[in-house]
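Shown below: target_6.cif, with mmCIF, C-alpha atoms.
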data_structure
#
loop_
_atom_site.label_atom_id
_atom_site.label_comp_id
_atom_site.auth_asym_id
_atom_site.auth_seq_id
_atom_site.Cartn_x
_atom_site.Cartn_y
_atom_site.Cartn_z
CA MET A 1 13.51 -158.76 -69.73
CA LEU A 2 11.65 -160.83 -67.23
CA ARG A 3 13.80 -162.51 -64.70
CA LYS A 4 12.92 -166.13 -64.11
CA LYS A 5 12.47 -165.52 -60.39
CA SER A 6 10.00 -162.71 -61.03
CA ALA A 7 8.07 -164.82 -63.52
CA ILE A 8 7.72 -167.71 -61.13
CA THR A 9 6.72 -165.37 -58.30
CA LEU A 10 3.86 -164.00 -60.39
CA VAL A 11 2.20 -167.40 -60.58
CA THR A 12 3.00 -168.93 -57.23
CA LEU A 13 1.89 -165.99 -55.09
CA MET A 14 -1.58 -165.72 -56.56
CA THR A 15 -4.38 -168.08 -55.57
CA ALA A 16 -6.35 -166.83 -58.55
CA THR A 17 -6.04 -163.65 -60.56
CA ALA A 18 -7.03 -162.10 -63.82
CA ALA A 19 -6.88 -162.29 -67.59
CA PHE A 20 -7.19 -159.88 -70.36
CA ILE A 21 -10.70 -158.53 -70.81
CA SER A 22 -12.21 -155.49 -72.38
CA GLY A 23 -14.84 -152.84 -71.84
CA CYS A 24 -17.70 -151.76 -74.05
CA GLY A 25 -17.57 -149.80 -77.27
CA ASN A 26 -18.05 -149.85 -81.00
CA SER A 27 -15.57 -150.25 -83.81
CA ALA A 28 -14.35 -147.11 -85.47
CA THR A 29 -13.06 -146.40 -88.94
CA ASN A 30 -9.65 -144.96 -89.68
CA ALA A 31 -10.65 -143.57 -93.04
CA GLY A 32 -9.05 -140.30 -93.97
CA SER A 33 -5.92 -140.77 -91.89
CA SER A 34 -2.81 -139.42 -93.56
CA ALA A 35 -0.35 -140.26 -90.79
CA ALA A 36 2.93 -141.90 -91.73
CA PRO A 37 3.72 -145.46 -90.57
CA SER A 38 5.40 -145.65 -87.18
CA ASN A 39 8.66 -146.91 -88.70
CA ALA A 40 8.94 -143.93 -91.06
CA PRO A 41 11.53 -141.24 -90.24
CA VAL A 42 10.16 -138.60 -87.89
CA LYS A 43 10.42 -135.13 -89.38
CA ALA A 44 11.86 -132.40 -87.21
CA THR A 45 9.99 -129.12 -87.50
CA ALA A 46 12.99 -126.84 -87.96
CA ASP A 47 16.42 -128.43 -87.69
CA SER A 48 16.55 -131.99 -89.07
CA LYS A 49 19.32 -132.79 -86.59
CA LYS A 50 17.26 -131.72 -83.60
CA PRO A 51 15.09 -134.44 -81.99
CA VAL A 52 11.33 -134.00 -82.00
CA GLU A 53 10.22 -133.68 -78.38
CA PHE A 54 6.73 -134.64 -77.25
CA THR A 55 5.12 -134.37 -73.82
CA PHE A 56 3.79 -137.44 -72.03
CA TYR A 57 1.47 -137.06 -69.02
CA PHE A 58 0.95 -140.09 -66.79
CA THR A 59 -0.23 -140.88 -63.28
CA GLY A 60 0.00 -143.80 -60.86
CA SER A 61 1.96 -145.14 -57.93
CA GLN A 62 5.75 -145.14 -57.71
CA ASN A 63 5.99 -148.40 -59.68
CA VAL A 64 4.43 -146.67 -62.71
CA LYS A 65 7.03 -143.90 -62.54
CA ASP A 66 9.79 -146.48 -62.19
CA LEU A 67 8.50 -148.24 -65.31
CA TRP A 68 8.61 -145.12 -67.48
CA ASP A 69 11.96 -144.09 -65.97
CA THR A 70 13.24 -147.36 -67.47
CA LEU A 71 11.38 -147.48 -70.79
CA ILE A 72 11.87 -143.88 -71.90
CA PRO A 73 15.71 -143.99 -71.81
CA MET A 74 15.62 -147.35 -73.60
CA PHE A 75 13.52 -145.83 -76.37
CA GLU A 76 15.61 -142.67 -76.67
CA LYS A 77 18.80 -144.72 -76.91
CA GLN A 78 17.35 -146.53 -79.93
CA ASN A 79 15.70 -143.44 -81.45
CA ALA A 80 17.93 -140.41 -81.41
CA ASP A 81 15.39 -138.42 -83.47
CA VAL A 82 12.73 -138.43 -80.70
CA LYS A 83 12.83 -137.13 -77.14
CA VAL A 84 10.11 -137.86 -74.57
CA LYS A 85 9.30 -135.24 -71.94
CA PRO A 86 7.55 -137.11 -69.08
CA VAL A 87 5.21 -135.32 -66.67
CA TYR A 88 4.40 -137.50 -63.65
CA ILE A 89 1.31 -136.90 -61.53
CA PRO A 90 1.48 -139.03 -58.33
CA SER A 91 -1.48 -141.29 -57.60
CA GLY A 92 -4.16 -139.68 -55.46
CA THR A 93 -3.20 -136.10 -56.36
CA GLY A 94 -5.76 -135.88 -59.14
CA ALA A 95 -5.17 -136.62 -62.82
CA GLN A 96 -8.49 -135.04 -63.82
CA PRO A 97 -6.93 -131.61 -64.53
CA THR A 98 -4.89 -133.25 -67.31
CA TYR A 99 -8.02 -134.41 -69.12
CA ASP A 100 -9.67 -131.04 -68.50
CA ARG A 101 -6.62 -129.28 -69.95
CA ILE A 102 -6.79 -131.30 -73.17
CA LEU A 103 -10.52 -130.62 -73.49
CA ALA A 104 -10.17 -126.90 -72.71
CA ALA A 105 -7.38 -126.53 -75.27
CA LYS A 106 -9.56 -128.10 -77.94
CA GLN A 107 -12.50 -125.85 -77.07
CA ALA A 108 -10.24 -122.79 -77.21
CA ASN A 109 -8.72 -123.86 -80.56
CA LYS A 110 -5.31 -124.25 -78.91
CA GLY A 111 -4.45 -127.74 -80.07
CA SER A 112 -3.88 -130.39 -77.41
CA GLY A 113 -2.68 -128.08 -74.65
CA ASP A 114 0.92 -129.24 -75.15
CA ILE A 115 -0.04 -132.79 -74.14
CA ASP A 116 0.90 -135.34 -76.81
CA LEU A 117 0.37 -138.62 -74.95
CA TYR A 118 -1.82 -139.38 -71.95
CA GLU A 119 -2.07 -142.44 -69.71
CA ASP A 120 -5.31 -143.18 -67.87
CA GLY A 121 -8.09 -145.69 -67.29
CA LEU A 122 -11.08 -146.84 -69.27
CA SER A 123 -13.44 -144.14 -68.01
CA ASN A 124 -11.41 -141.38 -69.66
CA VAL A 125 -11.03 -143.40 -72.85
CA THR A 126 -14.82 -143.50 -73.18
CA ARG A 127 -15.27 -139.93 -71.98
CA GLY A 128 -12.73 -138.77 -74.56
CA GLN A 129 -14.64 -140.65 -77.23
CA LYS A 130 -17.71 -138.57 -76.41
CA ASP A 131 -15.66 -135.35 -76.41
CA ASP A 132 -13.88 -136.39 -79.62
CA LEU A 133 -10.41 -135.98 -78.10
CA TRP A 134 -8.52 -139.10 -79.09
CA ASP A 135 -6.75 -140.05 -82.26
CA SER A 136 -7.87 -143.28 -83.96
CA LEU A 137 -4.95 -145.72 -83.91
CA ALA A 138 -4.19 -148.39 -86.49
CA VAL A 139 -1.48 -150.78 -87.67
CA ASP A 140 -0.46 -148.48 -90.52
CA LYS A 141 0.62 -145.98 -87.85
CA ILE A 142 1.83 -148.40 -85.18
CA LYS A 143 3.06 -151.72 -86.57
CA ASN A 144 3.13 -153.58 -83.26
CA LEU A 145 -0.53 -152.78 -82.66
CA ALA A 146 -1.13 -156.01 -84.59
CA ALA A 147 0.09 -157.87 -81.49
CA VAL A 148 -2.76 -156.50 -79.32
CA ASP A 149 -5.97 -158.50 -78.98
CA GLU A 150 -8.33 -157.31 -81.72
CA LYS A 151 -11.40 -157.58 -79.49
CA THR A 152 -9.84 -155.30 -76.90
CA LEU A 153 -9.10 -152.66 -79.54
CA LYS A 154 -12.56 -152.98 -81.07
CA ASP A 155 -14.25 -152.47 -77.71
CA ILE A 156 -12.46 -149.13 -77.28
CA SER A 157 -12.96 -148.15 -80.93
CA ASN A 158 -9.17 -148.15 -81.53
CA LEU A 159 -8.92 -144.91 -79.53
CA ALA A 160 -6.30 -146.14 -77.06
CA ILE A 161 -3.54 -148.68 -76.53
CA PRO A 162 -3.91 -151.16 -73.65
CA TYR A 163 -0.21 -151.41 -72.84
CA ARG A 164 -0.45 -153.32 -69.53
CA SER A 165 -3.07 -154.99 -67.37
CA SER A 166 -3.68 -155.73 -63.71
CA ALA A 167 -6.45 -156.83 -61.37
CA VAL A 168 -7.82 -155.89 -57.97
CA VAL A 169 -7.61 -158.94 -55.71
CA LEU A 170 -8.06 -159.78 -52.05
CA ALA A 171 -4.67 -159.59 -50.31
CA TYR A 172 -4.35 -161.16 -46.87
CA ASN A 173 -1.94 -162.27 -44.16
CA SER A 174 -1.96 -166.06 -44.43
CA ASP A 175 -0.50 -166.36 -40.91
CA LYS A 176 -3.73 -164.86 -39.57
CA VAL A 177 -6.22 -165.98 -42.23
CA ALA A 178 -5.97 -169.69 -42.94
CA THR A 179 -9.02 -169.88 -45.18
CA PRO A 180 -9.77 -166.66 -47.07
CA PRO A 181 -13.26 -165.82 -48.36
CA LYS A 182 -14.14 -167.18 -51.79
CA THR A 183 -17.28 -165.16 -52.50
CA LEU A 184 -18.45 -161.60 -51.85
CA ASP A 185 -20.94 -162.78 -49.23
CA GLU A 186 -18.20 -164.70 -47.43
CA LEU A 187 -16.01 -161.58 -47.50
CA TYR A 188 -18.71 -159.34 -46.05
CA ASP A 189 -19.40 -161.94 -43.35
CA TRP A 190 -15.66 -162.11 -42.53
CA ILE A 191 -15.48 -158.30 -42.18
CA LYS A 192 -18.36 -158.31 -39.71
CA LYS A 193 -16.88 -161.16 -37.66
CA ASN A 194 -13.38 -159.62 -37.58
CA PRO A 195 -13.81 -155.97 -36.50
CA SER A 196 -11.11 -153.52 -37.61
CA LYS A 197 -9.15 -156.25 -39.41
CA PHE A 198 -10.24 -155.21 -42.91
CA ALA A 199 -9.54 -151.91 -44.66
CA TYR A 200 -10.19 -150.34 -48.04
CA ASN A 201 -8.96 -146.99 -49.26
CA ASP A 202 -11.03 -143.92 -50.09
CA PRO A 203 -12.38 -144.76 -53.59
CA SER A 204 -11.53 -141.30 -54.91
CA THR A 205 -7.83 -141.83 -54.16
CA GLY A 206 -7.11 -145.25 -55.66
CA GLY A 207 -8.52 -148.03 -57.80
CA ALA A 208 -8.46 -150.76 -55.15
CA GLY A 209 -10.91 -148.96 -52.88
CA ASN A 210 -12.89 -147.81 -55.88
CA SER A 211 -13.24 -151.43 -56.97
CA PHE A 212 -14.41 -152.53 -53.52
CA VAL A 213 -17.14 -149.87 -53.50
CA ALA A 214 -18.25 -150.50 -57.09
CA THR A 215 -18.35 -154.26 -56.53
CA ALA A 216 -20.62 -153.78 -53.51
CA LEU A 217 -23.00 -151.49 -55.41
CA TYR A 218 -23.28 -153.72 -58.47
CA LYS A 219 -23.69 -156.90 -56.44
CA PHE A 220 -27.42 -156.15 -56.40
CA LEU A 221 -27.75 -155.23 -60.08
CA PRO A 222 -27.85 -157.33 -63.28
CA GLU A 223 -24.40 -158.35 -64.54
CA GLU A 224 -24.71 -156.17 -67.65
CA ALA A 225 -25.03 -153.06 -65.48
CA ILE A 226 -21.24 -152.98 -64.98
CA HIS A 227 -21.00 -151.92 -68.62
CA ASN A 228 -23.73 -149.29 -68.50
CA SER A 229 -22.98 -145.59 -68.03
CA ASP A 230 -26.60 -144.40 -68.18
CA PRO A 231 -27.50 -142.33 -65.06
CA SER A 232 -30.67 -144.39 -64.60
CA VAL A 233 -28.46 -147.18 -63.21
CA GLU A 234 -27.84 -145.09 -60.09
CA LYS A 235 -31.37 -145.82 -58.90
CA GLY A 236 -30.20 -149.36 -58.16
CA TRP A 237 -27.33 -148.31 -55.89
CA ASP A 238 -29.33 -147.92 -52.67
CA GLN A 239 -28.93 -151.50 -51.47
CA GLY A 240 -25.18 -151.41 -52.08
CA PHE A 241 -24.72 -148.17 -50.18
CA ALA A 242 -26.74 -149.59 -47.29
CA LEU A 243 -24.31 -152.52 -47.22
CA LEU A 244 -21.27 -150.23 -47.25
CA LYS A 245 -22.71 -148.15 -44.39
CA GLU A 246 -23.26 -151.32 -42.38
CA LEU A 247 -19.70 -152.53 -43.08
CA GLY A 248 -18.40 -149.14 -41.97
CA LYS A 249 -19.04 -150.16 -38.36
CA THR A 250 -16.56 -153.04 -38.54
CA VAL A 251 -13.90 -151.94 -41.05
CA TYR A 252 -10.58 -150.54 -39.82
CA GLY A 253 -11.04 -147.93 -37.09
CA LYS A 254 -14.85 -148.24 -37.32
CA GLY A 255 -14.84 -146.19 -40.47
CA ILE A 256 -11.31 -145.00 -41.22
CA TYR A 257 -10.51 -145.11 -44.93
CA PRO A 258 -6.82 -144.63 -45.81
CA LYS A 259 -5.75 -142.47 -48.71
CA LYS A 260 -4.42 -144.09 -51.87
CA ASN A 261 -3.81 -147.74 -52.69
CA GLN A 262 -0.59 -147.68 -50.67
CA GLY A 263 -2.43 -146.61 -47.54
CA THR A 264 -4.09 -149.98 -47.04
CA LEU A 265 -0.96 -151.87 -48.07
CA ASP A 266 0.87 -150.06 -45.26
CA LEU A 267 -1.76 -151.27 -42.78
CA LEU A 268 -1.33 -154.84 -44.01
CA THR A 269 2.46 -154.51 -43.70
CA SER A 270 2.25 -153.22 -40.12
CA GLY A 271 -0.19 -155.96 -39.11
CA GLU A 272 -2.93 -153.51 -38.17
CA VAL A 273 -5.26 -155.29 -40.58
CA ASP A 274 -5.29 -158.81 -41.97
CA MET A 275 -7.08 -158.31 -45.29
CA ILE A 276 -7.50 -155.62 -47.95
CA PRO A 277 -8.47 -155.19 -51.61
CA ALA A 278 -5.32 -154.37 -53.58
CA TRP A 279 -3.87 -154.22 -57.08
CA SER A 280 -2.16 -157.52 -57.89
CA ASP A 281 0.88 -155.82 -59.41
CA MET A 282 1.51 -153.68 -56.32
CA VAL A 283 1.26 -156.69 -54.00
CA LEU A 284 3.57 -158.84 -56.11
CA GLU A 285 6.14 -156.09 -56.45
CA GLN A 286 6.20 -155.29 -52.74
CA VAL A 287 6.38 -158.94 -51.70
CA ALA A 288 9.29 -159.40 -54.14
CA LYS A 289 11.08 -156.40 -52.61
CA GLY A 290 10.40 -157.50 -49.04
CA GLN A 291 8.17 -154.50 -48.37
CA LEU A 292 5.24 -156.82 -47.61
CA PRO A 293 5.70 -159.92 -45.44
CA LYS A 294 6.17 -163.26 -47.16
CA SER A 295 2.96 -164.41 -45.49
CA THR A 296 1.02 -162.11 -47.87
CA LYS A 297 -1.13 -164.04 -50.32
CA MET A 298 -3.78 -163.13 -52.85
CA THR A 299 -7.03 -164.60 -54.06
CA GLN A 300 -9.83 -163.55 -56.38
CA LEU A 301 -13.47 -163.71 -55.35
CA THR A 302 -16.53 -164.96 -57.20
CA PRO A 303 -17.83 -162.72 -58.65
CA GLY A 304 -14.50 -160.95 -58.93
CA PHE A 305 -13.30 -157.44 -58.31
CA ASN A 306 -12.63 -155.32 -61.34
CA GLY A 307 -9.46 -155.06 -63.32
CA GLY A 308 -8.27 -154.54 -66.84
CA PRO A 309 -5.82 -152.59 -68.95
CA THR A 310 -4.27 -149.21 -68.42
CA TYR A 311 -4.42 -147.17 -71.62
CA LEU A 312 -2.31 -144.73 -73.60
CA MET A 313 -4.26 -142.13 -75.60
CA VAL A 314 -3.01 -139.74 -78.27
CA PRO A 315 -4.84 -136.39 -78.36
CA LYS A 316 -6.23 -135.91 -81.85
CA LEU A 317 -4.92 -132.33 -82.02
CA SER A 318 -1.33 -133.15 -81.04
CA GLU A 319 1.22 -131.83 -83.53
CA LYS A 320 3.79 -134.50 -82.59
CA LYS A 321 1.82 -137.61 -83.51
CA ASP A 322 4.46 -139.18 -85.78
CA ALA A 323 6.95 -139.11 -82.89
CA VAL A 324 4.32 -140.48 -80.49
CA TYR A 325 3.48 -143.33 -82.88
CA LYS A 326 7.14 -144.32 -82.95
CA PHE A 327 7.23 -144.40 -79.15
CA LEU A 328 4.01 -146.42 -78.93
CA ASP A 329 5.38 -148.94 -81.42
CA PHE A 330 8.35 -149.42 -79.09
CA VAL A 331 6.11 -149.76 -76.00
CA LEU A 332 4.24 -152.62 -77.71
CA SER A 333 7.43 -154.44 -78.71
CA PRO A 334 8.21 -157.75 -76.94
CA GLU A 335 11.35 -156.13 -75.53
CA ALA A 336 9.46 -153.29 -73.84
CA GLN A 337 6.58 -155.52 -72.80
CA GLY A 338 9.07 -157.80 -71.06
CA VAL A 339 10.08 -154.79 -68.96
CA VAL A 340 6.39 -154.09 -68.23
CA VAL A 341 5.96 -157.63 -66.89
CA ASP A 342 9.19 -157.53 -64.90
CA LYS A 343 8.75 -154.05 -63.42
CA MET A 344 4.97 -154.06 -62.91
CA HIS A 345 4.44 -157.73 -62.06
CA GLY A 346 1.34 -157.56 -64.23
CA PHE A 347 0.10 -158.76 -67.59
CA PRO A 348 1.55 -157.53 -70.89
CA GLY A 349 -0.59 -155.44 -73.21
CA ILE A 350 0.13 -157.64 -76.22
CA LYS A 351 -0.98 -161.22 -76.71
CA LEU A 352 1.11 -163.74 -74.80
CA SER A 353 1.88 -165.59 -78.03
CA ASN A 354 4.16 -162.66 -78.93
CA MET A 355 6.17 -162.95 -75.73
CA SER A 356 9.05 -165.25 -74.86
CA LYS A 357 8.28 -168.84 -73.87
CA GLU A 358 9.53 -168.09 -70.35
CA ILE A 359 6.96 -165.33 -69.92
CA GLN A 360 4.21 -167.41 -71.53
CA ASP A 361 4.93 -170.25 -69.12
CA SER A 362 4.92 -167.88 -66.15
CA PHE A 363 1.27 -167.00 -66.78
CA LYS A 364 -0.03 -170.55 -66.93
CA GLY A 365 -2.72 -171.04 -64.30
CA ALA A 366 -3.09 -167.31 -63.70
CA SER A 367 -5.64 -166.45 -66.33
CA GLU A 368 -9.06 -166.28 -64.75
CA GLY A 369 -10.77 -163.99 -62.33
CA PHE A 370 -11.56 -160.36 -62.62
CA ARG A 371 -14.32 -158.44 -64.34
CA SER A 372 -14.19 -155.22 -66.29
CA PHE A 373 -16.32 -152.34 -65.01
CA ASN A 374 -17.08 -149.59 -67.53
CA ILE A 375 -19.52 -147.17 -65.91
CA GLY A 376 -18.08 -143.99 -67.43
CA GLU A 377 -18.80 -140.77 -65.56
CA LEU A 378 -21.08 -142.53 -63.08
CA ASP A 379 -17.86 -143.16 -61.17
CA LYS A 380 -17.87 -139.50 -60.08
CA ASP A 381 -21.40 -139.76 -58.70
CA MET A 382 -20.45 -143.01 -56.96
CA THR A 383 -17.49 -141.51 -55.09
CA LYS A 384 -19.40 -138.32 -54.26
CA ARG A 385 -22.28 -140.28 -52.76
CA TRP A 386 -19.85 -142.56 -50.91
CA GLN A 387 -18.25 -139.50 -49.28
CA SER A 388 -21.59 -138.18 -48.02
CA GLU A 389 -23.31 -141.42 -47.06
CA VAL A 390 -20.50 -143.73 -45.97
CA ALA A 391 -17.36 -141.80 -45.04
CA ALA A 392 -19.30 -139.04 -43.27
CA GLN A 393 -21.44 -141.29 -41.10
#
Please express what this file holds, its structure, as structure tokens.
Amino acid sequence: MLRKKSAITLVTLMTATAAFISGCGNSATNAGSSAAPSNAPVKATADSKKPVEFTFYFTGSQNVKDLWDTLIPMFEKQNADVKVKPVYIPSGTGAQPTYDRILAAKQANKGSGDIDLYEDGLSNVTRGQKDDLWDSLAVDKIKNLAAVDEKTLKDISNLAIPYRSSAVVLAYNSDKVATPPKTLDELYDWIKKNPSKFAYNDPSTGGAGNSFVATALYKFLPEEAIHNSDPSVEKGWDQGFALLKELGKTVYGKGIYPKKNQGTLDLLTSGEVDMIPAWSDMVLEQVAKGQLPKSTKMTQLTPGFNGGPTYLMVPKLSEKKDAVYKFLDFVLSPEAQGVVVDKMHGFPGIKLSNMSKEIQDSFKGASEGFRSFNIGELDKDMTKRWQSEVAAQ
């Protein structure tokens, strides 16, 4: 459960951060579902005394692995009839093959490819909707789903569970930066006036750098464009890419882009740079552990960087769905969500009203800021063009 020190740290370290928001989508019906409620006994396929084992693929930084290394044993201790087989794919090594494997298995009539639960971002939730990969989730299957914001579920057509949330913020060394930028224009001006003191990671290797690039591109487009996955939007990217090319002359190393979210955090730790875009949960965790200097502070810009939930999806063709539902019900329990807050230093996936008063109080004043970007598969074109026009210059 959340330690008081961790809860207080979450609020006091952030100048401004993020709240729960949602992407685009349409509501979906659950008609025709014959799945048993999540609290029903899970049936073993052969021996009733043998636990049902399902496979869970997830990706992320070390803190994500640490979270599941805590939650999975907790669940198994309470549910002897289910065993979770975790498969961890480190951040930056490419989670795309997991999605491709699920899709290929479906196309070959081979079920879900032995993947029963999958963690990923919004883009693969929406892509999976188009490919008809995900199971439709409802309270009759997962009781604690009632604790999740209804609007968030509606926007993703009930095809995923937003089990935690975070935001990309501006992290900086307050010993070197007394007054951080408050707007995007102020940030870009700061980068130009402070050569090699700002860094962002390769957008194909981590969400912080991806957010920085996307925010620059969509700065020159209507606000609603951040929720549009139509390829025609790409015609409006030219001005943003011109800006990124210009900034490339004054970012770290005159155009050196570290790999992964941790790459830029390491530069901030060593003092080689004074400011970076970073995930709020990673900054808070590393400050708490002493891995980042105490002088590290965070702020959100106006308009803000992107952020939002991380999702859990159940492949529609999984043969272990009853066991998965039971696990998901546990993940959405106040007990497990308390671990999410404590371990990830981020926002719970369920409404704060379902959490302890201590946790509710810890989030006061930290509820505004980021925006949700849902551009679907345009993200691939964005990173590909960034590689050829920005990184290669």
Which residues are near segment 314-324 of chain A? Cut-off 6 Å, all atoms listed in the file, ignore same chain within fewer than 6 positions. Put them as a short mmCIF file (atom, residue, chain, number, x, y, z; two decimals) with C-alpha atoms, in the frame of the given file.
data_model
loop_
_atom_site.label_atom_id
_atom_site.label_comp_id
_atom_site.auth_asym_id
_atom_site.auth_seq_id
_atom_site.Cartn_x
_atom_site.Cartn_y
_atom_site.Cartn_z
CA VAL A 42 10.16 -138.60 -87.89
CA GLY A 111 -4.45 -127.74 -80.07
CA SER A 112 -3.88 -130.39 -77.41
CA ASP A 116 0.90 -135.34 -76.81
CA LEU A 117 0.37 -138.62 -74.95
CA LEU A 133 -10.41 -135.98 -78.10
CA TRP A 134 -8.52 -139.10 -79.09
CA ASP A 135 -6.75 -140.05 -82.26
#
query: Could you pull the residues within 8 Å of segment 173-179 of chain A, counting only C-alpha atoms, minus those fewer than 5 positions along the same chain, as a PyMOL selection string?
result: chain A and resi 268+274-275+295-297
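Proximity to Leu352 of chain A at 10 Å, evaluated using all atoms listed in the file and with sequence-adjacent residues fewer than 6 positions away removed, yields Ala147, Val148, Asp149, Pro334, Ile359, Gln360, Asp361 and Phe363 of chain A.
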Shell of 9 Å around Leu244 of chain A, only C-alpha atoms, local chain residues under 2 positions omitted, as a ChimeraX atom specification: /A:213,216-217,239-242,246-248,386,390
- request: Enumerate, as a ChimeraX atom specification, the residues matched when the PyMOL selection byres ((chain A and resi 355) around 12) is run on the file above.
  value: /A:1-2,147-148,332-341,347-354,356-363
field: Coordinates-based distance that separates atom CA of Thr205 of chain A from atom CA of Met382 of chain A (Å, one decimal)
entry: 13.0 Å
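Coordinates place atom CA of Asn201 of chain A at a distance of 25.7 Å from atom CA of Pro222 of chain A.
Closest to Val125 of chain A among A:Leu265, A:Leu292, A:Ala105, A:Ile161 is A:Ile161, based on all atoms listed in the file.
The smallest atom-to-atom distance between Ala214 of chain A and any of A:Ile276, A:Val168, A:Ile142, A:Ile256, using all atoms listed in the file, is found for A:Val168.
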message: Can you translate the PyMOL selection byres ((chain A and resi 79) around 10) into the concrete residues it hits in this file, as number ranges by chain?
response: A: 41-42, 51, 73-78, 80-83, 323, 326-327, 330
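Considering only C-alpha atoms, the residue among A:Asp281, A:Asp131, A:Asp100, A:Asp155 positioned nearest to Asp342 of chain A is A:Asp281.
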message: Translate the PyMOL selection byres ((chain A and resi 118) around 7) into a concrete residue list for this structure, as a ChimeraX atom specification.
response: /A:56-58,116-117,119-120,312-314
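Put simply, atom CA of Gln393 of chain A is 13.1 Å away from atom CA of Leu243 of chain A.
The smallest atom-to-atom distance between Thr383 of chain A and any of A:Asn124, A:Ser157, A:Asn210, A:Thr269, using all atoms listed in the file, is found for A:Asn210.
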Rebuild N, CA, C and O atoms on segment 202-214 of chain A, as an mmCIF file, in the frame of the given file?
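File result-v3.cif, as written:
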data_model
loop_
_atom_site.group_PDB
_atom_site.id
_atom_site.type_symbol
_atom_site.label_atom_id
_atom_site.label_comp_id
_atom_site.auth_asym_id
_atom_site.auth_seq_id
_atom_site.Cartn_x
_atom_site.Cartn_y
_atom_site.Cartn_z
ATOM 1 N N ASP A 202 -10.076 -144.881 -49.536
ATOM 2 C CA ASP A 202 -11.030 -143.920 -50.090
ATOM 3 C C ASP A 202 -11.101 -144.129 -51.596
ATOM 4 O O ASP A 202 -10.084 -144.039 -52.285
ATOM 5 N N PRO A 203 -12.277 -144.428 -52.162
ATOM 6 C CA PRO A 203 -12.380 -144.760 -53.590
ATOM 7 C C PRO A 203 -11.980 -143.632 -54.541
ATOM 8 O O PRO A 203 -11.680 -143.900 -55.705
ATOM 9 N N SER A 204 -11.938 -142.407 -54.042
ATOM 10 C CA SER A 204 -11.530 -141.300 -54.910
ATOM 11 C C SER A 204 -10.023 -141.171 -55.000
ATOM 12 O O SER A 204 -9.510 -140.382 -55.802
ATOM 13 N N THR A 205 -9.293 -141.960 -54.198
ATOM 14 C CA THR A 205 -7.830 -141.830 -54.160
ATOM 15 C C THR A 205 -7.091 -143.040 -54.708
ATOM 16 O O THR A 205 -5.858 -143.031 -54.735
ATOM 17 N N GLY A 206 -7.795 -144.072 -55.123
ATOM 18 C CA GLY A 206 -7.110 -145.250 -55.660
ATOM 19 C C GLY A 206 -8.068 -146.303 -56.139
ATOM 20 O O GLY A 206 -9.184 -146.459 -55.611
ATOM 21 N N GLY A 207 -7.648 -147.059 -57.149
ATOM 22 C CA GLY A 207 -8.520 -148.030 -57.800
ATOM 23 C C GLY A 207 -8.916 -149.213 -56.962
ATOM 24 O O GLY A 207 -9.968 -149.813 -57.203
ATOM 25 N N ALA A 208 -8.113 -149.601 -55.960
ATOM 26 C CA ALA A 208 -8.460 -150.760 -55.150
ATOM 27 C C ALA A 208 -9.711 -150.486 -54.322
ATOM 28 O O ALA A 208 -10.652 -151.284 -54.297
ATOM 29 N N GLY A 209 -9.733 -149.338 -53.649
ATOM 30 C CA GLY A 209 -10.910 -148.960 -52.880
ATOM 31 C C GLY A 209 -12.102 -148.682 -53.776
ATOM 32 O O GLY A 209 -13.247 -149.018 -53.442
ATOM 33 N N ASN A 210 -11.837 -148.083 -54.915
ATOM 34 C CA ASN A 210 -12.890 -147.810 -55.880
ATOM 35 C C ASN A 210 -13.546 -149.108 -56.337
ATOM 36 O O ASN A 210 -14.772 -149.210 -56.453
ATOM 37 N N SER A 211 -12.733 -150.130 -56.549
ATOM 38 C CA SER A 211 -13.240 -151.430 -56.970
ATOM 39 C C SER A 211 -14.094 -152.063 -55.880
ATOM 40 O O SER A 211 -15.147 -152.650 -56.161
ATOM 41 N N PHE A 212 -13.650 -151.945 -54.619
ATOM 42 C CA PHE A 212 -14.410 -152.530 -53.520
ATOM 43 C C PHE A 212 -15.803 -151.901 -53.435
ATOM 44 O O PHE A 212 -16.808 -152.604 -53.264
ATOM 45 N N VAL A 213 -15.855 -150.575 -53.577
ATOM 46 C CA VAL A 213 -17.140 -149.870 -53.500
ATOM 47 C C VAL A 213 -18.025 -150.239 -54.684
ATOM 48 O O VAL A 213 -19.201 -150.575 -54.523
ATOM 49 N N ALA A 214 -17.466 -150.186 -55.894
ATOM 50 C CA ALA A 214 -18.250 -150.500 -57.090
ATOM 51 C C ALA A 214 -18.774 -151.928 -57.060
ATOM 52 O O ALA A 214 -19.925 -152.197 -57.433
#
